[in-house]
Structures are given as C-alpha cells and as structure tokens.
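Novice: final-v3.tsv is the file, holding TSV, C-alpha atoms:
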chain	number	residue	atom	x	y	z
A	1	SER	CA	27.42	33.62	-7.15
A	2	TYR	CA	27.67	32.28	-3.60
A	3	ARG	CA	23.91	31.63	-3.52
A	4	ASN	CA	24.04	29.62	-6.74
A	5	ASP	CA	26.96	27.56	-5.50
A	6	TYR	CA	25.38	26.86	-2.11
A	7	LEU	CA	21.98	25.87	-3.50
A	8	ASN	CA	23.40	23.83	-6.37
A	9	ASN	CA	22.62	20.66	-4.45
A	10	ASN	CA	19.75	18.18	-4.62
A	11	ASN	CA	20.33	16.89	-1.10
A	12	ALA	CA	19.09	18.48	2.11
A	13	ILE	CA	21.20	21.57	2.72
A	14	PRO	CA	22.48	22.33	6.26
A	15	PHE	CA	22.15	25.84	7.63
A	16	THR	CA	23.99	27.38	10.59
A	17	ASN	CA	22.90	30.44	12.56
A	18	SER	CA	24.97	32.18	15.23
A	19	ALA	CA	24.06	34.74	17.86
A	20	LYS	CA	26.29	36.90	20.11
A	21	LEU	CA	25.43	39.26	22.95
A	22	THR	CA	27.52	42.40	23.50
A	23	TRP	CA	26.96	45.39	25.77
A	24	SER	CA	28.93	48.54	26.50
A	25	GLU	CA	29.58	47.82	30.18
A	26	ALA	CA	31.39	44.56	29.37
A	27	ALA	CA	33.82	45.81	26.80
A	28	THR	CA	36.69	43.77	28.25
A	29	LEU	CA	34.76	40.50	28.53
A	30	THR	CA	34.41	37.85	25.87
A	31	ALA	CA	30.93	38.24	24.45
A	32	PRO	CA	28.71	35.20	25.11
A	33	SER	CA	27.53	33.50	21.97
A	34	ASP	CA	25.87	30.38	20.63
A	35	ARG	CA	25.28	28.76	17.27
A	36	VAL	CA	22.84	26.18	15.98
A	37	THR	CA	23.18	24.01	12.88
A	38	ILE	CA	20.31	22.20	11.20
A	39	SER	CA	22.55	19.20	10.60
A	40	SER	CA	19.85	17.14	8.90
A	41	GLY	CA	19.41	19.95	6.42
A	42	VAL	CA	16.35	21.38	4.71
A	43	GLY	CA	15.07	21.54	1.17
A	44	ALA	CA	15.96	18.13	-0.28
A	45	GLY	CA	15.04	17.94	-3.95
A	46	GLY	CA	15.82	21.57	-4.62
A	47	LEU	CA	17.06	20.81	-8.14
A	48	LEU	CA	14.84	17.87	-9.04
A	49	SER	CA	12.04	15.92	-7.39
A	50	LYS	CA	9.27	13.63	-8.57
A	51	SER	CA	5.96	12.54	-7.09
A	52	ALA	CA	2.77	10.72	-8.06
A	53	GLU	CA	-0.71	12.11	-7.65
A	54	GLY	CA	-2.97	10.67	-4.99
A	55	GLY	CA	-0.38	9.17	-2.64
A	56	THR	CA	-1.46	5.62	-1.77
A	57	SER	CA	-4.63	4.56	-3.59
A	58	ILE	CA	-6.88	1.52	-3.32
A	59	TYR	CA	-6.32	-0.48	-6.48
A	60	ALA	CA	-9.30	-1.48	-8.62
A	61	TYR	CA	-8.71	-2.99	-12.06
A	62	SER	CA	-10.73	-2.21	-15.16
A	63	ALA	CA	-10.09	-3.51	-18.66
A	64	SER	CA	-10.07	0.01	-20.11
A	65	ASP	CA	-7.71	1.34	-17.43
A	66	PRO	CA	-5.52	-1.14	-15.55
A	67	GLY	CA	-3.90	1.83	-13.81
A	68	THR	CA	-3.06	5.42	-14.77
A	69	VAL	CA	-0.43	7.38	-12.86
A	70	ARG	CA	-0.06	11.15	-13.03
A	71	TRP	CA	3.51	12.22	-12.34
A	72	THR	CA	4.75	15.69	-11.40
A	73	VAL	CA	8.41	16.64	-11.74
A	74	MET	CA	9.64	19.77	-10.00
A	75	VAL	CA	12.71	21.33	-11.63
A	76	ASN	CA	14.92	24.01	-10.05
A	77	ARG	CA	12.87	24.76	-6.97
A	78	ASN	CA	16.04	26.44	-5.61
A	79	LYS	CA	15.83	28.94	-8.50
A	80	ILE	CA	19.49	28.94	-9.42
A	81	ASN	CA	21.04	29.37	-12.86
A	82	ILE	CA	21.09	26.08	-14.79
A	83	THR	CA	22.52	25.94	-18.31
A	84	ASN	CA	21.28	23.47	-20.93
A	85	ALA	CA	18.71	21.98	-18.55
A	86	ILE	CA	17.22	18.76	-19.97
A	87	ILE	CA	15.08	16.20	-18.19
A	88	THR	CA	14.93	12.62	-19.42
A	89	ASP	CA	12.61	9.81	-18.39
A	90	THR	CA	12.75	6.18	-19.47
A	91	VAL	CA	9.57	4.61	-18.13
A	92	PRO	CA	10.32	1.17	-16.64
A	93	ALA	CA	8.94	-2.08	-18.03
A	94	GLY	CA	5.36	-2.62	-16.98
A	95	GLN	CA	4.39	0.98	-17.75
A	96	VAL	CA	4.15	3.08	-20.92
A	97	LEU	CA	3.85	6.79	-21.55
A	98	LEU	CA	0.28	7.97	-21.94
A	99	ILE	CA	-0.16	11.15	-23.99
A	100	GLY	CA	-3.56	12.22	-25.31
A	101	PRO	CA	-6.38	14.76	-24.98
A	102	GLU	CA	-7.23	13.58	-21.46
A	103	HIS	CA	-3.61	12.99	-20.53
A	104	PRO	CA	-1.56	15.93	-21.82
A	105	PHE	CA	2.15	16.46	-21.34
A	106	LYS	CA	2.51	19.92	-19.75
A	107	VAL	CA	5.38	22.18	-18.66
A	108	THR	CA	4.59	25.13	-16.36
A	109	LYS	CA	6.89	27.99	-15.35
A	110	ILE	CA	6.32	28.85	-11.68
A	111	ALA	CA	5.96	32.61	-11.46
A	112	SER	CA	3.42	35.31	-10.55
A	113	PRO	CA	1.34	34.34	-12.34
A	114	SER	CA	2.49	30.88	-13.43
A	115	ALA	CA	2.28	30.10	-17.13
A	116	VAL	CA	2.17	26.95	-19.24
A	117	ILE	CA	5.14	27.20	-21.61
A	118	PHE	CA	4.59	23.90	-23.43
A	119	THR	CA	1.80	21.37	-23.72
A	120	THR	CA	0.91	18.62	-26.14
A	121	SER	CA	-1.83	16.04	-26.43
A	122	ALA	CA	-0.05	14.11	-29.16
A	123	ALA	CA	2.81	11.65	-28.87
A	124	ALA	CA	4.93	13.71	-31.23
A	125	GLY	CA	8.03	15.83	-30.88
A	126	GLY	CA	8.38	19.59	-30.97
A	127	SER	CA	9.67	22.62	-28.98
A	128	GLY	CA	12.40	20.68	-27.22
A	129	PHE	CA	10.23	17.58	-26.70
A	130	THR	CA	11.87	14.47	-28.16
A	131	SER	CA	11.89	10.69	-27.85
A	132	THR	CA	14.08	7.80	-28.93
A	133	ASP	CA	11.18	5.31	-29.20
A	134	SER	CA	8.23	7.38	-30.49
A	135	PHE	CA	7.14	8.22	-26.91
A	136	VAL	CA	6.44	4.66	-25.85
A	137	ASN	CA	8.78	4.57	-22.84
A	138	HIS	CA	11.18	7.45	-23.36
A	139	PHE	CA	11.06	11.22	-23.59
A	140	ALA	CA	13.40	14.16	-23.16
A	141	TYR	CA	12.48	17.82	-22.66
A	142	GLU	CA	14.93	20.70	-23.03
A	143	PHE	CA	13.92	23.88	-21.23
A	144	PRO	CA	13.98	27.04	-23.35
A	145	ASP	CA	16.45	29.84	-22.69
A	146	GLU	CA	15.28	32.23	-19.99
A	147	VAL	CA	18.13	34.63	-19.16
A	148	GLY	CA	20.56	34.11	-22.05
A	149	GLY	CA	23.08	31.42	-22.85
A	150	ASP	CA	20.47	28.63	-22.77
A	151	THR	CA	20.09	29.20	-19.04
A	152	ILE	CA	17.02	28.96	-16.82
A	153	ARG	CA	16.56	30.58	-13.41
A	154	SER	CA	12.92	29.89	-12.57
A	155	ALA	CA	11.27	26.81	-11.11
A	156	TYR	CA	9.22	24.56	-13.39
A	157	THR	CA	6.79	21.68	-13.08
A	158	VAL	CA	6.45	18.96	-15.70
A	159	GLU	CA	3.27	16.88	-15.59
A	160	TYR	CA	2.62	13.70	-17.54
A	161	TYR	CA	1.01	10.27	-17.30
A	162	THR	CA	1.95	6.61	-17.52
A	163	ARG	CA	-0.31	3.60	-17.97
A	164	ILE	CA	0.31	0.36	-16.07
A	165	THR	CA	0.52	-2.51	-18.56
A	166	ASP	CA	1.85	-5.30	-16.36
A	167	THR	CA	-0.56	-6.03	-13.50
A	168	ALA	CA	1.33	-9.13	-12.32
A	169	PRO	CA	2.67	-7.36	-9.17
A	170	LEU	CA	-0.94	-6.69	-8.14
A	171	TYR	CA	-1.84	-10.37	-8.06
A	172	SER	CA	-0.66	-10.37	-4.46
A	173	ASN	CA	-1.33	-9.06	-0.99
A	174	GLY	CA	1.53	-6.60	-1.46
A	175	ASN	CA	4.28	-6.14	1.10
A	176	ASN	CA	3.86	-6.44	4.87
A	177	ASP	CA	1.70	-3.32	4.80
A	178	GLY	CA	-0.39	-4.53	1.88
A	179	ILE	CA	1.26	-2.13	-0.57
A	180	VAL	CA	2.41	-2.65	-4.18
A	181	THR	CA	4.75	0.06	-5.50
A	182	PHE	CA	5.34	1.23	-9.06
A	183	GLY	CA	8.44	3.38	-9.54
A	184	ASN	CA	9.65	5.86	-12.11
A	185	SER	CA	12.86	7.90	-12.23
A	186	VAL	CA	13.72	11.15	-13.99
A	187	THR	CA	17.16	12.64	-14.71
A	188	LEU	CA	18.24	16.28	-15.05
A	189	THR	CA	21.36	16.94	-17.12
A	190	ARG	CA	23.21	20.26	-17.20
A	191	ALA	CA	25.99	21.85	-19.22
A	192	THR	CA	28.87	21.41	-16.79
A	193	GLU	CA	27.62	19.87	-13.53
A	194	GLY	CA	26.84	16.21	-13.06
A	195	ALA	CA	23.45	14.68	-13.73
A	196	VAL	CA	20.80	14.62	-11.00
A	197	THR	CA	18.27	11.78	-10.66
A	198	ALA	CA	15.05	11.72	-8.67
A	199	ASP	CA	12.79	8.74	-8.00
A	200	GLY	CA	9.02	8.80	-7.81
A	201	THR	CA	6.70	6.06	-6.57
A	202	LYS	CA	3.02	5.32	-6.90
A	203	LYS	CA	1.63	3.05	-4.18
A	204	TYR	CA	-1.49	0.93	-4.30
A	205	GLU	CA	-3.24	-0.92	-1.52
A	206	SER	CA	-3.36	-4.44	-2.90
A	207	GLN	CA	-5.38	-7.28	-1.47
A	208	MET	CA	-6.29	-10.45	-3.32
A	209	LEU	CA	-7.11	-12.50	-0.23
A	210	ASP	CA	-8.02	-11.51	3.30
A	211	LYS	CA	-9.05	-13.71	6.19
A	212	SER	CA	-10.71	-12.45	9.37
A	213	VAL	CA	-12.87	-13.47	12.30
A	214	ALA	CA	-16.38	-12.22	11.52
A	215	LEU	CA	-17.92	-13.26	14.87
A	216	ALA	CA	-15.75	-14.12	17.86
A	217	TYR	CA	-15.97	-17.43	19.68
A	218	ASN	CA	-19.37	-18.06	21.25
A	219	TYR	CA	-18.84	-19.84	24.56
A	220	ILE	CA	-22.46	-21.01	24.63
A	221	ASP	CA	-22.63	-22.91	21.33
A	222	ARG	CA	-18.83	-23.16	20.77
A	223	THR	CA	-18.91	-21.57	17.29
A	224	VAL	CA	-16.82	-19.02	15.38
A	225	GLN	CA	-17.78	-17.30	12.14
A	226	TRP	CA	-14.95	-16.65	9.66
A	227	GLU	CA	-14.84	-14.37	6.62
A	228	LEU	CA	-12.81	-14.51	3.43
A	229	ALA	CA	-12.52	-11.48	1.13
A	230	VAL	CA	-11.35	-12.50	-2.35
A	231	ASN	CA	-10.10	-10.28	-5.22
A	232	ARG	CA	-10.69	-6.82	-3.82
A	233	ASN	CA	-8.37	-5.68	-6.65
A	234	ARG	CA	-11.05	-6.74	-9.20
A	235	LEU	CA	-8.35	-8.35	-11.38
A	236	PRO	CA	-9.24	-10.95	-14.02
A	237	LEU	CA	-9.03	-14.49	-12.61
A	238	THR	CA	-9.18	-17.76	-14.53
A	239	ASP	CA	-10.08	-21.05	-12.83
A	240	ALA	CA	-9.60	-19.53	-9.39
A	241	VAL	CA	-9.99	-21.73	-6.33
A	242	VAL	CA	-10.17	-20.73	-2.66
A	243	LYS	CA	-8.97	-23.34	-0.17
A	244	ASP	CA	-9.36	-23.25	3.58
A	245	ILE	CA	-8.03	-25.42	6.40
A	246	ILE	CA	-9.58	-24.82	9.79
A	247	PRO	CA	-7.70	-25.16	13.08
A	248	THR	CA	-7.08	-28.49	14.75
A	249	GLY	CA	-9.71	-29.02	17.42
A	250	MET	CA	-12.51	-27.49	15.36
A	251	ALA	CA	-14.87	-28.84	12.69
A	252	PHE	CA	-17.02	-27.20	10.01
A	253	GLN	CA	-20.55	-26.31	10.99
A	254	ILE	CA	-22.91	-26.06	8.00
A	255	ASP	CA	-26.64	-25.97	8.70
A	256	ALA	CA	-29.60	-23.62	8.45
A	257	GLY	CA	-28.43	-21.62	11.45
A	258	HIS	CA	-24.80	-21.61	10.30
A	259	PRO	CA	-24.88	-21.31	6.49
A	260	PHE	CA	-21.93	-21.14	4.12
A	261	THR	CA	-22.54	-17.91	2.14
A	262	VAL	CA	-20.95	-16.29	-0.91
A	263	THR	CA	-21.51	-12.75	-2.18
A	264	GLU	CA	-20.33	-11.39	-5.54
A	265	ASN	CA	-19.68	-7.65	-5.81
A	266	GLY	CA	-21.80	-7.15	-2.70
A	267	SER	CA	-24.82	-9.15	-3.90
A	268	PRO	CA	-25.80	-12.64	-2.67
A	269	LYS	CA	-24.49	-15.38	-4.95
A	270	GLU	CA	-24.82	-18.70	-3.12
A	271	THR	CA	-25.95	-20.02	0.26
A	272	PHE	CA	-25.39	-23.57	1.48
A	273	ALA	CA	-27.45	-24.79	4.46
A	274	SER	CA	-25.87	-28.24	4.32
A	275	ALA	CA	-22.72	-29.83	2.99
A	276	PRO	CA	-23.19	-30.31	-0.77
A	277	ALA	CA	-22.46	-33.63	-2.45
A	278	SER	CA	-21.01	-31.95	-5.56
A	279	GLY	CA	-20.66	-28.60	-7.30
A	280	ASN	CA	-18.25	-25.73	-6.82
A	281	LEU	CA	-18.07	-26.23	-3.02
A	282	THR	CA	-16.19	-29.44	-2.31
A	283	SER	CA	-14.13	-31.04	0.42
A	284	ALA	CA	-11.44	-33.72	0.48
A	285	ASP	CA	-12.39	-34.80	4.02
A	286	SER	CA	-16.21	-34.63	3.98
A	287	PHE	CA	-16.17	-31.08	5.39
A	288	GLU	CA	-14.36	-31.96	8.57
A	289	ARG	CA	-11.46	-29.47	8.38
A	290	GLN	CA	-11.02	-28.54	4.72
A	291	PHE	CA	-13.00	-27.07	1.82
A	292	GLU	CA	-12.40	-25.78	-1.70
A	293	TYR	CA	-14.61	-23.23	-3.40
A	294	ALA	CA	-14.26	-22.71	-7.17
A	295	LEU	CA	-15.00	-19.24	-8.49
A	296	PRO	CA	-16.53	-18.86	-11.95
A	297	ALA	CA	-14.14	-20.01	-14.69
A	298	SER	CA	-13.51	-16.40	-15.74
A	299	THR	CA	-14.22	-13.55	-13.36
A	300	SER	CA	-13.02	-10.15	-12.17
A	301	ALA	CA	-15.56	-9.79	-9.39
A	302	ARG	CA	-15.02	-9.35	-5.65
A	303	TYR	CA	-16.21	-12.19	-3.41
A	304	VAL	CA	-16.91	-12.51	0.29
A	305	ILE	CA	-17.23	-16.00	1.79
A	306	THR	CA	-18.49	-16.59	5.32
A	307	PHE	CA	-18.68	-19.89	7.16
A	308	TRP	CA	-18.75	-21.36	10.67
A	309	THR	CA	-16.64	-23.74	12.70
A	310	LYS	CA	-17.44	-25.45	15.98
A	311	MET	CA	-15.08	-26.43	18.76
A	312	ASN	CA	-14.93	-30.18	19.37
A	313	GLU	CA	-15.96	-31.36	22.82
A	314	ASP	CA	-12.85	-33.48	23.14
A	315	THR	CA	-10.69	-30.40	22.62
A	316	LEU	CA	-12.38	-28.62	25.50
A	317	LYS	CA	-11.68	-31.50	27.89
A	318	ALA	CA	-8.03	-30.46	27.93
A	319	GLN	CA	-7.80	-27.39	30.11
A	320	TRP	CA	-5.37	-24.63	29.18
A	321	SER	CA	-4.34	-21.47	30.93
A	322	GLY	CA	-5.29	-18.07	29.55
A	323	ASP	CA	-5.88	-17.58	25.83
A	324	LYS	CA	-5.16	-20.25	23.27
A	325	ASN	CA	-4.78	-19.36	19.60
A	326	PHE	CA	-6.74	-21.21	16.92
A	327	THR	CA	-5.53	-20.20	13.46
A	328	ASN	CA	-7.46	-20.63	10.22
A	329	ASN	CA	-5.43	-20.70	6.99
A	330	ALA	CA	-6.71	-19.88	3.50
A	331	SER	CA	-5.17	-19.79	0.04
A	332	LEU	CA	-6.09	-18.51	-3.42
A	333	ASP	CA	-4.89	-20.04	-6.67
A	334	ALA	CA	-5.61	-19.08	-10.29
A	335	ASP	CA	-3.95	-19.30	-13.69
A	336	GLU	CA	-2.73	-15.70	-13.28
A	337	ILE	CA	-1.22	-16.31	-9.84
A	338	ALA	CA	2.30	-17.74	-9.99
A	339	THR	CA	2.49	-18.68	-6.29
A	340	SER	CA	-0.47	-19.36	-4.03
A	341	ILE	CA	-1.61	-16.29	-2.11
A	342	THR	CA	-2.16	-17.15	1.54
A	343	HIS	CA	-3.68	-15.42	4.53
A	344	SER	CA	-4.70	-16.48	8.00
A	345	ALA	CA	-6.81	-15.34	10.93
A	346	THR	CA	-6.64	-16.27	14.59
A	347	VAL	CA	-9.28	-16.49	17.28
A	348	LYS	CA	-8.29	-16.49	20.97
A	349	ILE	CA	-10.24	-18.84	23.21
A	350	LYS	CA	-10.18	-19.44	26.97
A	351	ASN	CA	-11.06	-22.80	28.48
A	352	PRO	CA	-11.23	-22.69	32.26
A	353	VAL	CA	-12.57	-26.21	32.91
A	354	VAL	CA	-11.62	-25.70	36.53
A	355	SER	CA	-10.50	-22.37	37.88
A	356	LYS	CA	-9.79	-21.19	41.37
A	357	SER	CA	-9.59	-17.72	42.87
A	358	TYR	CA	-9.51	-16.07	46.28
A	359	THR	CA	-10.44	-12.88	48.04
A	360	TYR	CA	-8.40	-11.61	50.99
A	361	ALA	CA	-8.87	-8.41	52.94
A	362	SER	CA	-5.76	-6.89	54.50
A	363	LYS	CA	-5.38	-7.75	58.22
A	364	SER	CA	-8.24	-10.25	58.02
A	365	ASP	CA	-7.83	-13.68	59.63
A	366	TYR	CA	-9.58	-15.59	56.84
A	367	ILE	CA	-9.43	-16.09	53.02
A	368	ASP	CA	-12.46	-16.64	50.75
A	369	TRP	CA	-11.80	-19.28	48.07
A	370	SER	CA	-13.88	-19.82	44.91
A	371	VAL	CA	-13.81	-22.80	42.56
Using structure tokens, write down the structure that the file contains.
Specialist:
Amino acid sequence: SYRNDYLNNNNAIPFTNSAKLTWSEAATLTAPSDRVTISSGVGAGGLLSKSAEGGTSIYAYSASDPGTVRWTVMVNRNKINITNAIITDTVPAGQVLLIGPEHPFKVTKIASPSAVIFTTSAAAGGSGFTSTDSFVNHFAYEFPDEVGGDTIRSAYTVEYYTRITDTAPLYSNGNNDGIVTFGNSVTLTRATEGAVTADGTKKYESQMLDKSVALAYNYIDRTVQWELAVNRNRLPLTDAVVKDIIPTGMAFQIDAGHPFTVTENGSPKETFASAPASGNLTSADSFERQFEYALPASTSARYVITFWTKMNEDTLKAQWSGDKNFTNNASLDADEIATSITHSATVKIKNPVVSKSYTYASKSDYIDWSV
C-alpha cells in the first residue's frame, strides 16, 4: 500500500501540506494557495531505534558490577508490514550480554493492552531466540508471524542488558565534556528490503582527576586554597601518585593555619601542619613549587586533597594591568593508567601597585584625580 511504501524508511520522513482558498464570487480568478514542507522530516527511527536507560549517569565502579546497561530496541514504530523480521546484535568488545533472573531478555508487543510475547532469564535459545556464541556477545531474535506469511504489523520493544567488562576507557576524564561513551548497534533484516541498523549509546560522567580553586586569592595574606578531587569513578588504582606544580610566582604554604589535608571517601585521612621529612607526601624541591602524594598501594576510594599557596612578595613588585592568570597543574598516575591524567585550575589576581583614576563632571572647569 501507499502508506507502507511511504513509511518504509528509518530516516526522518518529510511531509507536505497545501491549502487553497476558493469562493463563489471569484470563479474566474486563480485561487490563492500556499504549501509548507517539513523538510527536516519527522519520525526518524520509525523502523528501528535503540536507546540506553538512564541517559547520562555518574559512573561509580564496584567489583560486583563494573557497569550494567539496559538497552531498549524499538522495532516497527511506523506499524507497517515487515516480512521475516529479525533483529541481530553483536555486542562490541568491552561488553558482554547479561541474561539472568534480574536481567531478563524480554520482547513486548505494543498494543492495547501491550503484552510480553517472549521472555527468558537463561542464556539459552528458544522461540526464535538464537546465538552464534552461546549468548556471550551475539544474539538474534526472529519475530513470530502476526498477519500471515511470517509478517508483522505491530510495534515491538526488545529489552536486554549488557555488562561492561573493560573499564579502561573510564580511567580518564572523558571527552571535553567529561563523558565516556559505550556504544552498541542492532540490525533489522527483512525478506526483501535492505537491512536497517540503529546505534545506541550509554554515556557516563567520568572524572579521575579534578582541580579547582577552593578559596579565591586573599589580598590580605596573599594566599589561595586549591582542591584536588581524585578517583570520583571509584576505580581500582595500584601505586597511584598525585603530582602538583604550582604557578610561577607562588610558593607552598603549609602550617597550622594552612594545613595540607586529605580525605578518603568523605572522611578525614591525613592532615599535615608542616612539610614532612618523609612519608607519602614528598617534594623534589623542598615544597617550594612541587609535591607528590602517594595513595595507598591498592585502593578504589575517592580522595580530596586541599592545600595552600602564597604569592611571593617579589612577584607583586611587578605591576600588571587588570587580571593576571596563575595556573596550577596536577597529574595522576597509576599502574592502570596508560597516560598521565592531567587537570588544571586558574586563579585571577589583580595587582594595582599604583593606580590612578579621575572624576569629571560635565561642564565643570576642574578634574578630581586619585592615586
């Protein structure tokens, strides 16, 4: 039918609507008319689409569950006739299929009311459910005949789970937006038409190292407090070391009023009121502009490190105009991290050693100057 042909498309479908005005008194005139086309189309994914539950989630590792993704595949939302409809999924490396009592594979026919037509909690074939690798990374599901001739006409959802097995991409700060993406594609094959493929993605907010200004520059005592957040992903780390290099023109300030503090999973772990001679907090330059802090040899905890720097007097003798940026750079290394993870924070500081301004009232014969 014309409807089937027009909606047999997984892309956005354009629609055009025309209107014309006629009236009896203007029988000899050309009737005014107009038409509008939705050129960008509507209804993309009408044959096949795929999505992950939860949108973008904050990632938090656990040994029992390094990441579980629930996928939903929508088949034939356009409700056209499809013969020999089969969906196939080969889960990419780094994930495996997860089928069990708490993670069932389920097919639902969308109707009034909707009905589950197939479900299984076992990684085993049956009722059109097959696999080429014992349901480790691959499955295929053939939809049962609905209207004769192995043809379906209704819309269906297919829900299933995958487990993340390779957490290496999460040992990072993600992309520019702090996101790590796991993808998965599904393919719909049909009797005569070409195959249709849809991609799904699961996104995690990933942050292994963050650097920020905890307290802005204090113009009275010339200090800044900085903060490092380490391993918010709660991933296992072995022999992890945090390194920090403070901006030129500043020096570390470690004393009772400006302690170096470390928290572990939100609880106090260590506080240093003076520069230590040895231990897990060390410095290659006697705590002038560099320090290294060693985390426990094996850990999956979150850490927050705060410390202070002080502007050198000599730096302030050189006047500059407006704001000047002072950037603090930090890095995180561990056996599990292939390339150092880095992050920086910047504080803006003014230094008007001498400044001059004026006040002038319009039409006045004098100017007030201030230095």
Novice: For stretch 247-258 of chain A, list every protein, DNA or RNA residue within 6 Å, evaluated using all atoms listed in the file, and leave out those in the same chain fewer than 4 positions away; present the list as a PDB file with C-alpha atoms, in the coordinates of the input.
Specialist:
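To be explicit, this is the file written out as out-v5.pdb:
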ATOM      1  CA  ALA A 273     -27.450 -24.790   4.460  1.00  0.00           C
ATOM      2  CA  SER A 274     -25.870 -28.240   4.320  1.00  0.00           C
ATOM      3  CA  GLU A 288     -14.360 -31.960   8.570  1.00  0.00           C
ATOM      4  CA  ARG A 289     -11.460 -29.470   8.380  1.00  0.00           C
ATOM      5  CA  TRP A 308     -18.750 -21.360  10.670  1.00  0.00           C
ATOM      6  CA  THR A 309     -16.640 -23.740  12.700  1.00  0.00           C
ATOM      7  CA  LYS A 310     -17.440 -25.450  15.980  1.00  0.00           C
ATOM      8  CA  MET A 311     -15.080 -26.430  18.760  1.00  0.00           C
ATOM      9  CA  ASN A 312     -14.930 -30.180  19.370  1.00  0.00           C
ATOM     10  CA  THR A 315     -10.690 -30.400  22.620  1.00  0.00           C
ATOM     11  CA  PHE A 326      -6.740 -21.210  16.920  1.00  0.00           C
ATOM     12  CA  THR A 327      -5.530 -20.200  13.460  1.00  0.00           C
ATOM     13  CA  ASN A 328      -7.460 -20.630  10.220  1.00  0.00           C
TER      14      ASN A 328
END
Novice: Determine, counting all atoms listed in the file, which protein, DNA and RNA residues have an atom within 7 Å of an atom of A:Tyr161; residues of the same chain fewer than 3 positions away are not included. Present the result as number ranges by chain.
Specialist: A: 68-71, 97-99, 103
Novice: Excluding same-chain residues fewer than 6 positions from A:Ser134, what lies within 10 Å of it counting only C-alpha atoms, as a PyMOL selection string?
Specialist: chain A and resi 97+123-125
Novice: Pull the neighbourhood of (-14.9, -13.8, 4.9) for me: all residues within 9 Å in file coordinates, counting all atoms listed in the file, as an MDAnalysis selection string.
Specialist: chainID A and resid 210:214 225:230 262 303:307
Novice: Counting all atoms listed in the file, which residue out of A:Thr223, A:Asn218, A:Ser206, A:Thr342 sits closest to A:Val242?
Specialist: A:Thr342
Novice: Using all atoms listed in the file, pick whichever of A:Phe118, A:Ala330, A:Ala297, A:Arg302 has the shortest atom-to-atom distance to A:Lys269.
Specialist: A:Arg302
Novice: Stretch 128-147 of chain A, all listed atoms, 4 Å padding on each side: what axis-aligned box centre and edge lengths in Å to one decimal come out, as AutoDock Vina command-line options?
Specialist:
--center_x 12.3 --center_y 19.6 --center_z -24.8 --size_x 19.7 --size_y 38.1 --size_z 19.3
Novice: Of the residues A:Glu336, A:Asp199, A:Glu205, A:Asp239, which is the one nearest to A:Ser298, using only C-alpha atoms?
Specialist: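 With only C-alpha atoms as the atom set, the closest residue is A:Asp239.
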Novice: To one decimal place, how far is atom CA of A:Ser62 from atom CA of A:Asp244 in Å?
Specialist: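 Spanning atom CA of A:Ser62 to atom CA of A:Asp244 is a straight-line distance of 28.2 Å.
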Novice: Which distance in Å separates atom CA of A:Asn10 and atom CA of A:Gly200, to one decimal?
Specialist: 14.6 Å
Novice: With only C-alpha atoms as the counted atoms, please give the residues lying no more than 10 Å from A:Gly67, apart from itself and same-chain residues fewer than 3 positions off, as a ChimeraX atom specification.
Specialist: /A:59-64,95,162-167,204
Novice: In Å to one decimal, how far is atom CA of A:Lys243 from atom CA of A:Phe291?
Specialist: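 Distance between the two atoms: 5.8 Å.
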Novice: Would you pick out the contacts of A:Tyr217 at 8 Å or less, using only C-alpha atoms, so that residues sharing its chain but fewer than 2 positions from it are not included, and give the list as a ChimeraX atom specification?
Specialist: /A:215,219,222-225,347-349
Novice: Between A:Phe287, A:Leu237, A:Arg232, A:Asn325, which has the minimum distance to A:Ala275 (counting all atoms listed in the file)?
Specialist: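 Among the listed residues, A:Phe287 lies closest to A:Ala275.
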Novice: Have a look at A:Asn84, A:Thr263, A:Asn78, A:Thr132 and name the one nearest to A:Asp145; count all atoms listed in the file.
Specialist: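 Ranked by minimum distance to A:Asp145, first place goes to A:Asn84.
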Novice: With distances taken over only C-alpha atoms, which residue among A:Ala122, A:Ala52, A:Ala85, A:Ile117 lies nearest A:Gly183?
Specialist: A:Ala52
Novice: Residues within 10 Å of (22.4, 13.7, -16.8), file coordinates, counting only C-alpha atoms: what are they? Give the list as a ChimeraX atom specification.
Specialist: /A:85-88,186-191,193-197
Novice: How would the residues just chosen look if you wrote them out with C-alpha atoms as a PDB file, in the coordinates of the input?
Specialist:
ATOM      1  CA  ALA A  85      18.710  21.980 -18.550  1.00  0.00           C
ATOM      2  CA  ILE A  86      17.220  18.760 -19.970  1.00  0.00           C
ATOM      3  CA  ILE A  87      15.080  16.200 -18.190  1.00  0.00           C
ATOM      4  CA  THR A  88      14.930  12.620 -19.420  1.00  0.00           C
ATOM      5  CA  VAL A 186      13.720  11.150 -13.990  1.00  0.00           C
ATOM      6  CA  THR A 187      17.160  12.640 -14.710  1.00  0.00           C
ATOM      7  CA  LEU A 188      18.240  16.280 -15.050  1.00  0.00           C
ATOM      8  CA  THR A 189      21.360  16.940 -17.120  1.00  0.00           C
ATOM      9  CA  ARG A 190      23.210  20.260 -17.200  1.00  0.00           C
ATOM     10  CA  ALA A 191      25.990  21.850 -19.220  1.00  0.00           C
ATOM     11  CA  GLU A 193      27.620  19.870 -13.530  1.00  0.00           C
ATOM     12  CA  GLY A 194      26.840  16.210 -13.060  1.00  0.00           C
ATOM     13  CA  ALA A 195      23.450  14.680 -13.730  1.00  0.00           C
ATOM     14  CA  VAL A 196      20.800  14.620 -11.000  1.00  0.00           C
ATOM     15  CA  THR A 197      18.270  11.780 -10.660  1.00  0.00           C
TER      16      THR A 197
END
Novice: Output requested as a short mmCIF file (atom, residue, chain, number, x, y, z; two decimals), in the frame of the given file - stretch 45-51 of chain A, filled out with N, CA, C and O atoms.
Specialist:
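Here's the written file selection-v1.cif:
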data_model
loop_
_atom_site.label_atom_id
_atom_site.label_comp_id
_atom_site.auth_asym_id
_atom_site.auth_seq_id
_atom_site.Cartn_x
_atom_site.Cartn_y
_atom_site.Cartn_z
N GLY A 45 15.75 17.89 -2.67
CA GLY A 45 15.04 17.94 -3.95
C GLY A 45 14.95 19.33 -4.53
O GLY A 45 14.07 19.60 -5.35
N GLY A 46 15.87 20.18 -4.15
CA GLY A 46 15.82 21.57 -4.62
C GLY A 46 16.10 21.73 -6.10
O GLY A 46 15.70 22.71 -6.71
N LEU A 47 16.81 20.77 -6.70
CA LEU A 47 17.06 20.81 -8.14
C LEU A 47 16.07 19.96 -8.91
O LEU A 47 15.66 20.32 -10.01
N LEU A 48 15.71 18.80 -8.32
CA LEU A 48 14.84 17.87 -9.04
C LEU A 48 14.12 16.98 -8.04
O LEU A 48 14.73 16.41 -7.13
N SER A 49 12.82 16.85 -8.20
CA SER A 49 12.04 15.92 -7.39
C SER A 49 10.89 15.40 -8.23
O SER A 49 10.50 16.00 -9.23
N LYS A 50 10.34 14.27 -7.79
CA LYS A 50 9.27 13.63 -8.57
C LYS A 50 8.27 13.00 -7.61
O LYS A 50 8.64 12.40 -6.60
N SER A 51 7.00 13.12 -7.93
CA SER A 51 5.96 12.54 -7.09
C SER A 51 4.80 12.08 -7.97
O SER A 51 4.66 12.48 -9.13
#
